[in-house]
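Trainee: To be precise about what I am sending: the file is called entry-v6.pdb and holds PDB, C-alpha atoms, pLDDT in the B column.
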ATOM      1  CA  VAL A   1     -31.779-103.865 -68.203  1.00 40.00           C
ATOM      2  CA  HIS A   2     -31.087-107.538 -67.672  1.00 37.00           C
ATOM      3  CA  GLY A   3     -28.175-109.692 -68.688  1.00 39.00           C
ATOM      4  CA  ASP A   4     -25.482-112.264 -68.006  1.00 38.00           C
ATOM      5  CA  THR A   5     -23.441-111.295 -64.993  1.00 36.00           C
ATOM      6  CA  LEU A   6     -19.691-111.008 -65.531  1.00 38.00           C
ATOM      7  CA  LEU A   7     -18.664-109.733 -62.116  1.00 40.00           C
ATOM      8  CA  ARG A   8     -20.536-109.347 -58.863  1.00 41.00           C
ATOM      9  CA  ARG A   9     -19.647-107.417 -55.746  1.00 43.00           C
ATOM     10  CA  ASP A  10     -20.959-110.180 -53.485  1.00 43.00           C
ATOM     11  CA  THR A  11     -18.003-112.447 -54.255  1.00 38.00           C
ATOM     12  CA  PRO A  12     -15.303-112.493 -51.523  1.00 36.00           C
ATOM     13  CA  GLU A  13     -12.730-110.653 -53.638  1.00 33.00           C
ATOM     14  CA  PHE A  14     -15.290-107.994 -54.578  1.00 34.00           C
ATOM     15  CA  ALA A  15     -17.237-107.503 -51.337  1.00 35.00           C
ATOM     16  CA  CYS A  16     -19.673-104.588 -51.055  1.00 37.00           C
ATOM     17  CA  SER A  17     -20.342-102.973 -47.714  1.00 37.00           C
ATOM     18  CA  SER A  18     -23.530-101.204 -48.854  1.00 41.00           C
ATOM     19  CA  PRO A  19     -26.415-102.478 -46.669  1.00 37.00           C
ATOM     20  CA  LEU A  20     -28.948-100.622 -48.828  1.00 36.00           C
ATOM     21  CA  LEU A  21     -28.481-103.002 -51.715  1.00 39.00           C
ATOM     22  CA  SER A  22     -28.616-106.362 -49.946  1.00 42.00           C
ATOM     23  CA  ALA A  23     -31.485-107.571 -52.128  1.00 39.00           C
ATOM     24  CA  VAL A  24     -29.584-106.647 -55.281  1.00 40.00           C
ATOM     25  CA  GLU A  25     -26.446-108.364 -54.014  1.00 43.00           C
ATOM     26  CA  SER A  26     -28.234-111.554 -52.957  1.00 42.00           C
ATOM     27  CA  ALA A  27     -30.016-112.104 -56.271  1.00 41.00           C
ATOM     28  CA  PRO A  28     -28.658-115.024 -58.264  1.00 37.00           C
ATOM     29  CA  ALA A  29     -26.420-114.319 -61.257  1.00 37.00           C
ATOM     30  CA  GLY A  30     -28.440-113.596 -64.395  1.00 33.00           C
ATOM     31  CA  ALA A  31     -31.571-112.696 -62.412  1.00 31.00           C
ATOM     32  CA  MET A  32     -30.851-108.975 -62.175  1.00 56.00           C
ATOM     33  CA  ASP A  33     -33.792-106.998 -63.423  1.00 80.00           C
ATOM     34  CA  PHE A  34     -33.949-103.210 -63.333  1.00 89.00           C
ATOM     35  CA  GLU A  35     -36.643-100.700 -64.206  1.00 91.00           C
ATOM     36  CA  PRO A  36     -35.293 -97.492 -65.805  1.00 92.00           C
ATOM     37  CA  ILE A  37     -36.415 -94.359 -63.929  1.00 94.00           C
ATOM     38  CA  GLY A  38     -34.664 -91.612 -65.881  1.00 94.00           C
ATOM     39  CA  PRO A  39     -31.368 -90.288 -67.208  1.00 94.00           C
ATOM     40  CA  LEU A  40     -28.715 -89.048 -64.782  1.00 92.00           C
ATOM     41  CA  GLY A  41     -26.017 -87.979 -67.212  1.00 89.00           C
ATOM     42  CA  GLU A  42     -24.060 -88.613 -70.356  1.00 90.00           C
ATOM     43  CA  GLY A  43     -20.373 -88.554 -71.110  1.00 85.00           C
ATOM     44  CA  THR A  44     -17.974 -89.383 -73.895  1.00 84.00           C
ATOM     45  CA  TYR A  45     -18.114 -93.121 -73.338  1.00 83.00           C
ATOM     46  CA  GLY A  46     -21.492 -93.773 -71.796  1.00 87.00           C
ATOM     47  CA  VAL A  47     -24.945 -92.878 -70.559  1.00 93.00           C
ATOM     48  CA  VAL A  48     -25.954 -93.208 -66.884  1.00 93.00           C
ATOM     49  CA  THR A  49     -29.544 -94.028 -65.956  1.00 94.00           C
ATOM     50  CA  LYS A  50     -31.235 -94.173 -62.567  1.00 95.00           C
ATOM     51  CA  CYS A  51     -32.923 -97.569 -62.204  1.00 94.00           C
ATOM     52  CA  ARG A  52     -34.876 -99.481 -59.595  1.00 94.00           C
ATOM     53  CA  HIS A  53     -34.309-103.143 -58.815  1.00 90.00           C
ATOM     54  CA  ARG A  54     -37.671-104.750 -59.617  1.00 88.00           C
ATOM     55  CA  THR A  55     -37.542-107.243 -56.748  1.00 86.00           C
ATOM     56  CA  GLY A  56     -35.797-105.314 -53.963  1.00 87.00           C
ATOM     57  CA  GLY A  57     -36.892-101.784 -54.896  1.00 91.00           C
ATOM     58  CA  GLN A  58     -33.424-100.300 -54.346  1.00 92.00           C
ATOM     59  CA  PHE A  59     -32.186 -97.555 -56.637  1.00 95.00           C
ATOM     60  CA  VAL A  60     -28.980 -97.974 -58.623  1.00 94.00           C
ATOM     61  CA  ALA A  61     -27.170 -95.998 -61.300  1.00 94.00           C
ATOM     62  CA  ILE A  62     -26.411 -98.019 -64.425  1.00 93.00           C
ATOM     63  CA  LYS A  63     -23.761 -96.857 -66.859  1.00 91.00           C
ATOM     64  CA  LYS A  64     -24.155 -98.188 -70.387  1.00 91.00           C
ATOM     65  CA  PHE A  65     -20.996 -97.883 -72.449  1.00 87.00           C
ATOM     66  CA  LYS A  66     -21.536 -96.582 -75.977  1.00 82.00           C
ATOM     67  CA  ASP A  67     -20.056 -98.741 -78.737  1.00 77.00           C
ATOM     68  CA  SER A  68     -18.440-101.148 -76.253  1.00 70.00           C
ATOM     69  CA  ASP A  69     -19.023-103.978 -78.701  1.00 72.00           C
ATOM     70  CA  SER A  70     -17.354-102.360 -81.717  1.00 80.00           C
ATOM     71  CA  ASP A  71     -14.844 -99.739 -80.560  1.00 83.00           C
ATOM     72  CA  PRO A  72     -11.520-101.038 -79.156  1.00 86.00           C
ATOM     73  CA  GLN A  73     -10.838 -97.673 -77.448  1.00 86.00           C
ATOM     74  CA  VAL A  74     -14.152 -97.833 -75.567  1.00 82.00           C
ATOM     75  CA  ARG A  75     -13.432-101.446 -74.533  1.00 84.00           C
ATOM     76  CA  LYS A  76     -10.023-100.368 -73.231  1.00 87.00           C
ATOM     77  CA  VAL A  77     -11.472 -97.461 -71.211  1.00 86.00           C
ATOM     78  CA  ALA A  78     -14.250 -99.664 -69.829  1.00 87.00           C
ATOM     79  CA  PHE A  79     -11.789-102.364 -68.778  1.00 88.00           C
ATOM     80  CA  ARG A  80      -9.601 -99.809 -66.990  1.00 91.00           C
ATOM     81  CA  GLU A  81     -12.594 -98.316 -65.187  1.00 88.00           C
ATOM     82  CA  VAL A  82     -13.785-101.728 -64.000  1.00 91.00           C
ATOM     83  CA  GLN A  83     -10.322-102.766 -62.821  1.00 92.00           C
ATOM     84  CA  LEU A  84      -9.837 -99.506 -60.909  1.00 92.00           C
ATOM     85  CA  LEU A  85     -13.292 -99.519 -59.312  1.00 91.00           C
ATOM     86  CA  LYS A  86     -12.870-103.134 -58.199  1.00 87.00           C
ATOM     87  CA  ARG A  87      -9.861-102.108 -56.101  1.00 88.00           C
ATOM     88  CA  LEU A  88     -11.159 -98.837 -54.652  1.00 87.00           C
ATOM     89  CA  ARG A  89     -12.675 -98.937 -51.182  1.00 82.00           C
ATOM     90  CA  HIS A  90     -13.605 -95.570 -49.697  1.00 83.00           C
ATOM     91  CA  GLU A  91     -16.782 -94.224 -48.160  1.00 82.00           C
ATOM     92  CA  ASN A  92     -16.707 -91.226 -50.529  1.00 78.00           C
ATOM     93  CA  ILE A  93     -16.359 -93.256 -53.728  1.00 84.00           C
ATOM     94  CA  VAL A  94     -19.483 -94.787 -55.201  1.00 88.00           C
ATOM     95  CA  ASN A  95     -19.398 -98.602 -55.140  1.00 91.00           C
ATOM     96  CA  LEU A  96     -19.441-100.668 -58.307  1.00 92.00           C
ATOM     97  CA  LEU A  97     -21.910-103.488 -57.631  1.00 90.00           C
ATOM     98  CA  GLU A  98     -22.032-105.488 -60.826  1.00 89.00           C
ATOM     99  CA  VAL A  99     -20.835-105.623 -64.422  1.00 89.00           C
ATOM    100  CA  PHE A 100     -22.726-107.360 -67.214  1.00 86.00           C
ATOM    101  CA  ARG A 101     -23.215-107.441 -70.967  1.00 84.00           C
ATOM    102  CA  LYS A 102     -26.457-107.308 -72.895  1.00 83.00           C
ATOM    103  CA  LYS A 103     -26.619-107.399 -76.676  1.00 81.00           C
ATOM    104  CA  GLY A 104     -22.896-106.640 -76.892  1.00 80.00           C
ATOM    105  CA  LYS A 105     -23.107-103.537 -74.678  1.00 84.00           C
ATOM    106  CA  LEU A 106     -21.245-103.294 -71.376  1.00 87.00           C
ATOM    107  CA  TYR A 107     -23.170-102.138 -68.291  1.00 89.00           C
ATOM    108  CA  LEU A 108     -21.770-101.082 -64.901  1.00 90.00           C
ATOM    109  CA  VAL A 109     -24.186-101.098 -61.951  1.00 92.00           C
ATOM    110  CA  PHE A 110     -23.325 -98.611 -59.187  1.00 92.00           C
ATOM    111  CA  GLU A 111     -24.932 -97.768 -55.886  1.00 92.00           C
ATOM    112  CA  TYR A 112     -27.122 -94.695 -56.347  1.00 93.00           C
ATOM    113  CA  CYS A 113     -26.272 -91.364 -54.690  1.00 89.00           C
ATOM    114  CA  GLU A 114     -28.832 -88.583 -54.418  1.00 87.00           C
ATOM    115  CA  ARG A 115     -26.258 -85.832 -54.898  1.00 81.00           C
ATOM    116  CA  THR A 116     -22.767 -85.627 -56.327  1.00 78.00           C
ATOM    117  CA  LEU A 117     -19.820 -83.635 -55.088  1.00 78.00           C
ATOM    118  CA  LEU A 118     -20.157 -81.442 -58.175  1.00 81.00           C
ATOM    119  CA  GLN A 119     -23.765 -80.649 -57.237  1.00 83.00           C
ATOM    120  CA  GLU A 120     -22.637 -79.751 -53.710  1.00 84.00           C
ATOM    121  CA  LEU A 121     -19.942 -77.428 -55.066  1.00 86.00           C
ATOM    122  CA  GLU A 122     -22.374 -75.782 -57.488  1.00 91.00           C
ATOM    123  CA  ALA A 123     -24.873 -75.270 -54.652  1.00 90.00           C
ATOM    124  CA  ASN A 124     -22.129 -73.581 -52.581  1.00 89.00           C
ATOM    125  CA  PRO A 125     -20.296 -71.248 -55.000  1.00 90.00           C
ATOM    126  CA  HIS A 126     -18.353 -69.620 -52.147  1.00 89.00           C
ATOM    127  CA  GLY A 127     -17.080 -72.953 -50.845  1.00 87.00           C
ATOM    128  CA  LEU A 128     -18.293 -75.758 -48.639  1.00 86.00           C
ATOM    129  CA  PRO A 129     -18.479 -75.405 -44.861  1.00 87.00           C
ATOM    130  CA  GLU A 130     -15.427 -76.876 -43.122  1.00 89.00           C
ATOM    131  CA  PRO A 131     -17.310 -79.866 -41.619  1.00 87.00           C
ATOM    132  CA  ASP A 132     -18.458 -80.855 -45.128  1.00 81.00           C
ATOM    133  CA  VAL A 133     -14.924 -80.569 -46.506  1.00 82.00           C
ATOM    134  CA  GLN A 134     -13.683 -82.823 -43.710  1.00 81.00           C
ATOM    135  CA  ARG A 135     -16.495 -85.296 -44.355  1.00 78.00           C
ATOM    136  CA  TYR A 136     -15.687 -85.513 -48.102  1.00 72.00           C
ATOM    137  CA  SER A 137     -11.929 -85.880 -47.677  1.00 69.00           C
TER     138      SER A 137
END
Represent the supplied structure as structure tokens.

Mentor:
Amino acid sequence: VHGDTLLRRDTPEFACSSPLLSAVESAPAGAMDFEPIGPLGEGTYGVVTKCRHRTGGQFVAIKKFKDSDSDPQVRKVAFREVQLLKRLRHENIVNLLEVFRKKGKLYLVFEYCERTLLQELEANPHGLPEPDVQRYS
């Protein structure tokens, strides 16, 4: 995936505190180049793929919005998601690193997390240990 950058987290108003992705963040606009590794999930509005930055080697999760070029409802949802994620700053919320378009499709680049809260809950059907609950809240 490669495209024209619309928004980058390394601008002052959109700073990213993730040290793991310094190579991704320091790459010049338009030079982002990712190698798809495999699918992570699919939802109503998009598909998420695990990718590796070709230069830095860091893993990211890239969400490709379905029909973002032709469906006004999808464009509206995507815009809301981007605006919300730009403002959120919390250690337990995955960071949005970059937003770009390629061939009319909208892509959101997120830091990659090995496990989700849902996976943790599914792995612990009787509840999470108290220290984990405190860590996630």

Trainee: On this structure, the PyMOL selection byres ((chain A and resi 49) around 10) would catch which residues? List them as a list of chain:residue names, sorted by chain and number.

Mentor: A:Glu35, A:Pro36, A:Ile37, A:Gly38, A:Pro39, A:Leu40, A:Gly41, A:Glu42, A:Gly46, A:Val47, A:Val48, A:Lys50, A:Cys51, A:Arg52, A:Val60, A:Ala61, A:Ile62, A:Lys63, A:Lys64, A:Val109, A:Tyr112

Trainee: What separation in Å, quoted to one decimal, exists between CA of Leu118 (chain A) and CA of Glu98 (chain A)?

Mentor: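 It comes out at 24.3 Å.
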
Trainee: Could you put an axis-aligned box around every listed atom of region 84-103 of chain A, padded by 4 Å on each side, and send me its centre and edge lengths in Å to one decimal, as AutoDock Vina command-line options?

Mentor:
--center_x -18.2 --center_y -99.3 --center_z -62.4 --size_x 24.8 --size_y 24.2 --size_z 36.5

Trainee: To one decimal in Å, tell me the separation between CA of Asp33 (chain A) and CA of Gln119 (chain A).

Mentor: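 Rounded to one decimal, the two atoms are 28.9 Å apart.
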
Trainee: Between A:Thr44, A:Gln134, A:Gln83, A:Asn92, which has the minimum distance to Arg115 (chain A) (counting all atoms listed in the file)?

Mentor: A:Asn92

Trainee: Quick one, how far is CA of Asp132 (chain A) from CA of Arg87 (chain A)?

Mentor: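 Taking CA of Asp132 (chain A) as the start and CA of Arg87 (chain A) as the end point, the length is 25.4 Å.
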
Trainee: Tell me, as a list in words, which residues lie within 12 Å of Leu84 (chain A), counting only C-alpha atoms; anything in the same chain fewer than 4 positions away does not count.

Mentor: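 Surrounding residues, per the criterion: Phe14, Val77, Ala78, Phe79, Arg80, Leu88, Arg89, Ile93, Asn95 and Leu96 of chain A.
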
Trainee: Considering only C-alpha atoms, can you say which of A:Ser68, A:Glu130, A:Glu81, A:Thr116 comes closest to Arg101 (chain A)?

Mentor: A:Ser68

Trainee: Please rebuild region 79-91 of chain A with N, CA, C and O atoms and return the result as a short mmCIF file (atom, residue, chain, number, x, y, z; two decimals), in the coordinates of the input.

Mentor:
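The resulting out.cif:
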data_model
loop_
_atom_site.label_atom_id
_atom_site.label_comp_id
_atom_site.auth_asym_id
_atom_site.auth_seq_id
_atom_site.Cartn_x
_atom_site.Cartn_y
_atom_site.Cartn_z
N PHE A 79 -12.57 -101.39 -69.54
CA PHE A 79 -11.79 -102.36 -68.78
C PHE A 79 -10.99 -101.67 -67.68
O PHE A 79 -10.96 -102.13 -66.53
N ARG A 80 -10.37 -100.56 -68.00
CA ARG A 80 -9.60 -99.81 -66.99
C ARG A 80 -10.49 -99.34 -65.86
O ARG A 80 -10.13 -99.41 -64.69
N GLU A 81 -11.67 -98.81 -66.20
CA GLU A 81 -12.59 -98.32 -65.19
C GLU A 81 -13.02 -99.45 -64.25
O GLU A 81 -13.02 -99.29 -63.03
N VAL A 82 -13.37 -100.59 -64.81
CA VAL A 82 -13.78 -101.73 -64.00
C VAL A 82 -12.65 -102.18 -63.09
O VAL A 82 -12.85 -102.40 -61.89
N GLN A 83 -11.45 -102.32 -63.63
CA GLN A 83 -10.32 -102.77 -62.82
C GLN A 83 -10.02 -101.80 -61.68
O GLN A 83 -9.75 -102.22 -60.55
N LEU A 84 -10.09 -100.51 -61.94
CA LEU A 84 -9.84 -99.51 -60.91
C LEU A 84 -10.93 -99.53 -59.84
O LEU A 84 -10.64 -99.56 -58.64
N LEU A 85 -12.19 -99.56 -60.26
CA LEU A 85 -13.29 -99.52 -59.31
C LEU A 85 -13.37 -100.79 -58.46
O LEU A 85 -13.85 -100.75 -57.33
N LYS A 86 -12.91 -101.90 -58.98
CA LYS A 86 -12.87 -103.13 -58.20
C LYS A 86 -11.94 -103.00 -57.01
O LYS A 86 -12.19 -103.58 -55.95
N ARG A 87 -10.87 -102.24 -57.16
CA ARG A 87 -9.86 -102.11 -56.10
C ARG A 87 -10.16 -100.99 -55.12
O ARG A 87 -9.65 -101.00 -54.00
N LEU A 88 -10.92 -99.99 -55.51
CA LEU A 88 -11.16 -98.84 -54.65
C LEU A 88 -12.15 -99.15 -53.54
O LEU A 88 -13.21 -99.71 -53.78
N ARG A 89 -11.80 -98.78 -52.34
CA ARG A 89 -12.68 -98.94 -51.18
C ARG A 89 -12.59 -97.66 -50.35
O ARG A 89 -11.62 -97.45 -49.63
N HIS A 90 -13.57 -96.80 -50.49
CA HIS A 90 -13.60 -95.57 -49.70
C HIS A 90 -15.05 -95.13 -49.57
O HIS A 90 -15.82 -95.25 -50.53
N GLU A 91 -15.40 -94.63 -48.40
CA GLU A 91 -16.78 -94.22 -48.16
C GLU A 91 -17.25 -93.10 -49.08
O GLU A 91 -18.45 -92.93 -49.29
#
